[in-house]
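Undergrad: Would you mind keeping the following structure in view while I ask a few things?
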Amino acid sequence: MENMFHTAYYVVKKEKPFTDFPDLVQLNSRTGSNMTNCYLSDKACLRFTIDIYNVESEQLLSDLKNAGYISVMIDGANDTGNIENEIVYVKFFNKERGVVQSFLGIEDVKHAHADGVLSAVQTVFEKAGLDNWKEKVVFLCADGAAVNLGKRNGVAAKLKEEIGHLLAIHCVAHRLELGLVDSIKENQRLKQLQEVLQYLHQQYHYSPKALRELRMLADAMEEKVLKPTNLKGSRWLPYIHKATQILCNSYAIFVAHFEDQVSPERTTRPSSAVMGRAKNILHYLKSHTNVQFMHFLLDTLDFLKALSLQFQQDSLTPGEAVQYIEACLNGLTELCLEPGEQQRKMLADAMNGTYRGVELKNTTTDTLATDRKKITDMLTKHIESRLGDLLSTESIVQTFSALDHNVWPKLDNSDESKEAFVLHGRANIESLCHHYQSILVREGTTVTEVLGEYRLYKIWARMRNGPLRDTLLEILQRGDLQTKFNNLGIFAQIYLTMAVSTAACERGFSCMKRVKSDWRSSLSTQNLTRLMFLTIEGPSLDTFDAKRASVFMCRSDVDAESKRQTVYLGIKPGSPAT
């Protein structure tokens with residue numbers, strides 16, 4: 001029976017349809033595996049999947065019920081059946097496992113307003129057996145749609161009516177991309193390059209002939225070329241970075257192909273519209289200033305791409321997000337002062353007015369000094385505007401910096417340093433106590449007790465090195481420190497569970513589209529949740545323990561048979577056996 005469970009789990013993990021199960025069982029039998037002759041149907045595969053899900057989700061649901069505080073990440077999207085779904089992820093602290101972020105469930109939205117979304121989220125938690133989830137929730141992260149974060153009637157606003165201390169935040173990865181979009185709208189050079197990148201994608205995406213010619217030309221030039229990628233609909237900055245990188249890396253090949261298209265010696269002439277666009281692109285690509293700008297933008301996107309990828313980490317904390325933002329802004333400032341690596345290489349290669357075999361027009365050393373400052377200042381302005389709540393010292397999220405020993409004043413023998421060290425963070429801790437007063441009352445602690453532990457914490461942590469995350473995990477997981485900082489540990493748990501990005505939700509929807517394909521569009525929400533959970537959170541095929549699922553199935557069969565016998569004999573549930 002365990003081999004049957006292994007086969008069923010393979011079907012689920014590889015996102016195959018249940019109808020593949022009987023053929024795989026027969027294949028395993030022919031190759032010598034010990035397979036039972038029963039359960040040779042897609043319905044049996046579903047039964048095995050349900051038992052596997054019940055076993056594998058048991059740990060998560062148990063830890064979730066025992067968690068003190070929970071952050072919730074939500075997002076919505078339509079599936080292949082044109083059904084609007086709301087996906088729910090959770091993040092919490094567990095003493096044995098540390099900080100846990102996991103897919104919890106997905107539910108169809110009956111109505112697309114805030115009440116409908118909230119009802120779907122409520123259903124996900126109820127199916128997980130967590131009816132009191134609102135008592136545990138301290139943080140909500142979602143995209144910037146009004147239905148989620150609207151100040152009056154959004155999901156966050158409705159939850160705050162019941163949960164006064166709830167904090168809600170717009171996903172930082174989304175906001176970073178919006179900051180770049182704002183900049184593109186304001187700058188003509190950025191708009192022009194965006195149009196070039198979009199045309200390159202359209203040219204080689206919709207014309208197999210053009211793509212074939214491009215690759216043949218690359219082979220003749222003994223160079224490698226990648227197909228230009230799309231910009232529209234891209235959620236994350238790395239896609240924009242990739243499109244620009246492809247243009248810069250394969251610059252000479254693209255120029256050669258467009259020159260061939262507009263050449264009067266070409267035997268098969270393209271349409272006048274294609275020739276017109278090719279001439280415009282060629283004129284753009286042969287400008288020394290534009291080629292400089294392409295490489296300058298690539299330098300800029302290197303910083304933004306790194307920040308975007310950092311924002312998509314499951315382990316991201318608010319303090320780390322602030323550090324990453326500041327590092328990115330410092331990088332942009334460096335680009336404002338001097339050319340970046342890509343632009344320097346381009347200028348060095350184009351000293352004689354020729355770049356990669358292409359003769360450039362209007363060749364000068366560096367014509368972008370003014371534009372560099374203008375664009376970097378504009379990007380900095382929009383990033384700070386979009387992410388201002390994280391950078392503001394007045395935000396409740398920033399008050400948690402009182403726990404970060406890396407930003408405390410240095411303590412030496414002077415009276416001034418001692419006074420600064422003693423007073424640092426006290427006002428922030430008082431603000432946290434005021435904001436989470438209802439939690440402190442529920443936990444039976446007071447502001448005085450928290451401040452007393454904070455003083456001890458500062459003495460203990462002032463000589464420590466390393467990130468705040470590791471320090472907080474230590475005081476929550478070490479028995480002696482857990483007792484010593486029991487009350488301050490409330491804020492440590494809340495901070496570690498804060499989720500500031502919904503990148504996991506986006507990855508969840510990618511999984512949903514693979515699992516619920518056009519050929520499986522009738523999958524129920526319950527089965528979709530099971531399949532997605534095992535795909536995303538389930539163990540690898542190598543570490544999957546089929547024995548646990550097999551034992552669970554046997555026990556459930558015994559319980560079901562016992563219930564049938566009870567009904568057949570007419571014995572009421574709970575009555576003594578005769």
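Residue names in the structure tokens use chain letters A, B, ... in the order shown, residue numbers from 1 in each chain, and ligand numbers from 1 in the order shown.
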Tell me, which residues of region 114-343 of chain A carry DSSP strand (DSSP E or B), written as number ranges by chain?

TA: A: 137-142, 167-170, 287

Undergrad: Taking 5 positions as the minimum chain separation for residues in the same chain, which residues sit within 9 Å of Gln194 (chain A) when counting only C-alpha atoms? Answer as a list of chain:residue names.

TA: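 That gives A:Ile184, A:Arg189, A:Tyr199, A:Leu231.
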
Undergrad: Can those selected residues be exported to a file as a PDB file, in the first residue's frame so that it contains all heavy atoms?

TA:
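File result-v9.pdb, as written:
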ATOM      1  N   ILE A 184       8.842  56.369 -14.910  1.00  0.00           N
ATOM      2  CA  ILE A 184       8.743  56.238 -16.363  1.00  0.00           C
ATOM      3  C   ILE A 184       7.738  57.232 -16.922  1.00  0.00           C
ATOM      4  O   ILE A 184       7.948  57.822 -17.995  1.00  0.00           O
ATOM      5  CB  ILE A 184       8.365  54.799 -16.742  1.00  0.00           C
ATOM      6  CG1 ILE A 184       9.532  53.850 -16.420  1.00  0.00           C
ATOM      7  CG2 ILE A 184       8.003  54.690 -18.223  1.00  0.00           C
ATOM      8  CD1 ILE A 184       9.225  52.384 -16.645  1.00  0.00           C
ATOM      9  N   ARG A 189      12.940  60.051 -21.708  1.00  0.00           N
ATOM     10  CA  ARG A 189      13.938  59.057 -22.086  1.00  0.00           C
ATOM     11  C   ARG A 189      13.505  57.649 -21.646  1.00  0.00           C
ATOM     12  O   ARG A 189      13.669  56.673 -22.373  1.00  0.00           O
ATOM     13  CB  ARG A 189      15.287  59.399 -21.459  1.00  0.00           C
ATOM     14  CG  ARG A 189      16.074  60.460 -22.203  1.00  0.00           C
ATOM     15  CD  ARG A 189      17.516  60.472 -21.705  1.00  0.00           C
ATOM     16  NE  ARG A 189      18.297  61.490 -22.372  1.00  0.00           N
ATOM     17  CZ  ARG A 189      18.870  61.341 -23.551  1.00  0.00           C
ATOM     18  NH1 ARG A 189      18.715  60.210 -24.216  1.00  0.00           N
ATOM     19  NH2 ARG A 189      19.587  62.316 -24.083  1.00  0.00           N
ATOM     20  N   TYR A 199       8.558  47.075 -28.371  1.00  0.00           N
ATOM     21  CA  TYR A 199       8.537  46.738 -29.798  1.00  0.00           C
ATOM     22  C   TYR A 199       9.414  45.525 -30.083  1.00  0.00           C
ATOM     23  O   TYR A 199       9.056  44.669 -30.904  1.00  0.00           O
ATOM     24  CB  TYR A 199       9.002  47.929 -30.637  1.00  0.00           C
ATOM     25  CG  TYR A 199       9.145  47.553 -32.092  1.00  0.00           C
ATOM     26  CD1 TYR A 199       8.019  47.356 -32.884  1.00  0.00           C
ATOM     27  CD2 TYR A 199      10.406  47.340 -32.658  1.00  0.00           C
ATOM     28  CE1 TYR A 199       8.138  46.978 -34.217  1.00  0.00           C
ATOM     29  CE2 TYR A 199      10.537  46.963 -33.978  1.00  0.00           C
ATOM     30  CZ  TYR A 199       9.395  46.778 -34.756  1.00  0.00           C
ATOM     31  OH  TYR A 199       9.513  46.393 -36.064  1.00  0.00           O
ATOM     32  N   LEU A 231       7.275  43.198 -21.225  1.00  0.00           N
ATOM     33  CA  LEU A 231       7.221  44.136 -20.110  1.00  0.00           C
ATOM     34  C   LEU A 231       5.821  44.235 -19.536  1.00  0.00           C
ATOM     35  O   LEU A 231       5.638  44.315 -18.325  1.00  0.00           O
ATOM     36  CB  LEU A 231       7.661  45.534 -20.564  1.00  0.00           C
ATOM     37  CG  LEU A 231       9.118  45.712 -20.988  1.00  0.00           C
ATOM     38  CD1 LEU A 231       9.353  47.170 -21.346  1.00  0.00           C
ATOM     39  CD2 LEU A 231      10.056  45.287 -19.899  1.00  0.00           C
TER      40      LEU A 231
END

Undergrad: Any idea what's packed within 6 Å of region 248-264 of chain A, counting only C-alpha atoms, ignoring anything in its chain fewer than 4 positions away? Could you give it as number ranges by chain?

TA: A: 225, 275, 278

Undergrad: A:Ile375, A:Ile70, A:Ala168, A:Cys554: which is nearest Asn132 (chain A), counting only C-alpha atoms?

TA: A:Ile70

Undergrad: When you look at Ile163 (chain A) with a cut-off of 10 Å (counting only C-alpha atoms), what residues show up, excluding the ones that are within fewer than 2 positions of it in the same chain? I need them as JSON, numbers by chain.

TA: {"A": [134, 135, 136, 137, 138, 156, 157, 158, 159, 160, 161, 165, 166, 167, 438]}

Undergrad: Keeping N, CA, C and O atoms, export the residues of the selection given above as a CSV table (one decimal), in the first residue's frame.

TA:
chain,number,residue,atom,x,y,z
A,134,LYS,N,-9.0,35.8,14.6
A,134,LYS,CA,-9.0,37.2,14.7
A,134,LYS,C,-8.3,37.6,16.1
A,134,LYS,O,-7.8,38.8,16.2
A,135,GLU,N,-8.4,36.8,17.1
A,135,GLU,CA,-7.7,37.0,18.3
A,135,GLU,C,-6.2,37.0,18.2
A,135,GLU,O,-5.5,37.5,19.0
A,136,LYS,N,-5.7,36.3,17.2
A,136,LYS,CA,-4.3,36.1,17.0
A,136,LYS,C,-3.6,37.0,16.0
A,136,LYS,O,-2.4,37.3,16.0
A,137,VAL,N,-4.4,37.6,15.1
A,137,VAL,CA,-3.9,38.3,13.9
A,137,VAL,C,-3.4,39.7,14.4
A,137,VAL,O,-4.1,40.4,15.1
A,138,VAL,N,-2.2,40.0,14.0
A,138,VAL,CA,-1.6,41.3,14.4
A,138,VAL,C,-1.2,42.1,13.1
A,138,VAL,O,-0.9,43.3,13.2
A,156,ALA,N,-8.9,45.7,5.3
A,156,ALA,CA,-8.2,46.1,6.5
A,156,ALA,C,-9.0,47.0,7.4
A,156,ALA,O,-8.9,46.8,8.7
A,157,ALA,N,-9.7,47.9,6.8
A,157,ALA,CA,-10.6,48.8,7.7
A,157,ALA,C,-11.6,48.0,8.4
A,157,ALA,O,-11.9,48.3,9.6
A,158,LYS,N,-12.2,47.0,7.8
A,158,LYS,CA,-13.3,46.2,8.5
A,158,LYS,C,-12.6,45.3,9.6
A,158,LYS,O,-13.3,45.1,10.6
A,159,LEU,N,-11.4,44.8,9.3
A,159,LEU,CA,-10.8,44.1,10.4
A,159,LEU,C,-10.4,44.9,11.6
A,159,LEU,O,-10.5,44.5,12.7
A,160,LYS,N,-10.0,46.2,11.3
A,160,LYS,CA,-9.6,47.1,12.3
A,160,LYS,C,-10.7,47.4,13.3
A,160,LYS,O,-10.5,47.8,14.4
A,161,GLU,N,-11.9,47.4,12.7
A,161,GLU,CA,-13.1,47.6,13.6
A,161,GLU,C,-13.2,46.6,14.7
A,161,GLU,O,-13.7,46.8,15.8
A,165,HIS,N,-5.6,46.8,17.3
A,165,HIS,CA,-4.1,46.9,17.1
A,165,HIS,C,-3.6,46.4,15.8
A,165,HIS,O,-2.4,46.4,15.6
A,166,LEU,N,-4.5,46.0,14.9
A,166,LEU,CA,-4.1,45.4,13.6
A,166,LEU,C,-3.3,46.5,12.8
A,166,LEU,O,-3.7,47.6,12.7
A,167,LEU,N,-2.2,46.1,12.2
A,167,LEU,CA,-1.4,46.9,11.3
A,167,LEU,C,-1.6,46.3,9.9
A,167,LEU,O,-1.5,45.1,9.7
A,438,SER,N,-4.3,46.1,24.4
A,438,SER,CA,-5.2,45.1,24.6
A,438,SER,C,-4.6,43.7,24.7
A,438,SER,O,-5.0,42.8,25.4

Undergrad: Smallest atom-to-atom distance to Asp51 (chain A): which of A:Thr80, A:Tyr9, A:Arg520, A:Phe296, using only C-alpha atoms?

TA: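 Among the listed residues, A:Tyr9 lies closest to Asp51 (chain A).
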
Undergrad: Tell me, counting only C-alpha atoms, for each residue of region 453-513 of chain A within 12 Å of region 95-113 of chain A, which pair of atoms is nearest and how far apart they are in Å to one decimal, in rows ordered by chain and increasing number, as CSV.

TA:
residue,atom,partner,partner_atom,distance
A:Arg469,CA,A:Val99,CA,9.7
A:Asp470,CA,A:Gly98,CA,10.2
A:Leu472,CA,A:Gly98,CA,10.4
A:Leu473,CA,A:Gly98,CA,7.1
A:Glu474,CA,A:Gly98,CA,9.8
A:Ile475,CA,A:Lys95,CA,10.4
A:Leu476,CA,A:Lys95,CA,7.0
A:Gln477,CA,A:Lys95,CA,5.6
A:Arg478,CA,A:Lys95,CA,9.0
A:Gly479,CA,A:Lys95,CA,10.1
A:Gln482,CA,A:Lys95,CA,10.3
A:Gly489,CA,A:Lys95,CA,11.9
A:Ala492,CA,A:Val99,CA,11.3
A:Gln493,CA,A:Val99,CA,9.0
A:Ile494,CA,A:Val99,CA,10.8
A:Tyr495,CA,A:Val99,CA,10.6
A:Leu496,CA,A:Val99,CA,6.9
A:Thr497,CA,A:Val99,CA,6.9
A:Met498,CA,A:Val99,CA,10.1
A:Ala499,CA,A:Gln101,CA,9.0
A:Ser501,CA,A:Gln101,CA,11.6
A:Thr502,CA,A:Gln101,CA,11.2
A:Ala503,CA,A:Gln101,CA,11.7
A:Ala504,CA,A:Phe103,CA,8.2
A:Cys505,CA,A:Phe103,CA,8.1
A:Glu506,CA,A:Phe103,CA,11.3
A:Arg507,CA,A:Phe103,CA,10.2
A:Gly508,CA,A:Phe103,CA,7.7
A:Phe509,CA,A:Ile106,CA,9.6
A:Cys511,CA,A:Phe103,CA,11.2
A:Met512,CA,A:Ile106,CA,9.3

Undergrad: Compare A:Leu24, A:Asp63, A:Ser414, A:Asn230 by their minimum atom-to-atom distance to His6 (chain A), counting only C-alpha atoms, and give me the closest one.

TA: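 Looking only at the distances to His6 (chain A), the closest residue turns out to be A:Leu24.
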
Undergrad: Just the number, please: distance in Å from CA of Leu332 (chain A) to CA of Arg175 (chain A), one decimal.

TA: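 For CA of Leu332 (chain A) relative to CA of Arg175 (chain A), the distance reads 17.4 Å.
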
Undergrad: Check the smallest atom-to-atom distance from each of A:Asn428, A:Gln122, A:Ser57, A:Thr446 to Glu86 (chain A) using only C-alpha atoms, then report the winner.

TA: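 Between A:Asn428, A:Gln122, A:Ser57, A:Thr446, the residue approaching Glu86 (chain A) most closely is A:Gln122.
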
Undergrad: May I have all residues of region 343-518 of chain A that DSSP, computed from the backbone, assigns to helix (DSSP H, G or I), given as an MDAnalysis selection string?

TA: chainID A and resid 343:349 369:386 388:391 396:403 405:407 415:423 426:435 437:443 447:461 468:477 479:484 489:497 503:515 518

Undergrad: Distance CA of Phe544 (chain A)-CA of Ala67 (chain A), one decimal place?

TA: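 About the pair CA of Phe544 (chain A) and CA of Ala67 (chain A): they are 25.5 Å apart.
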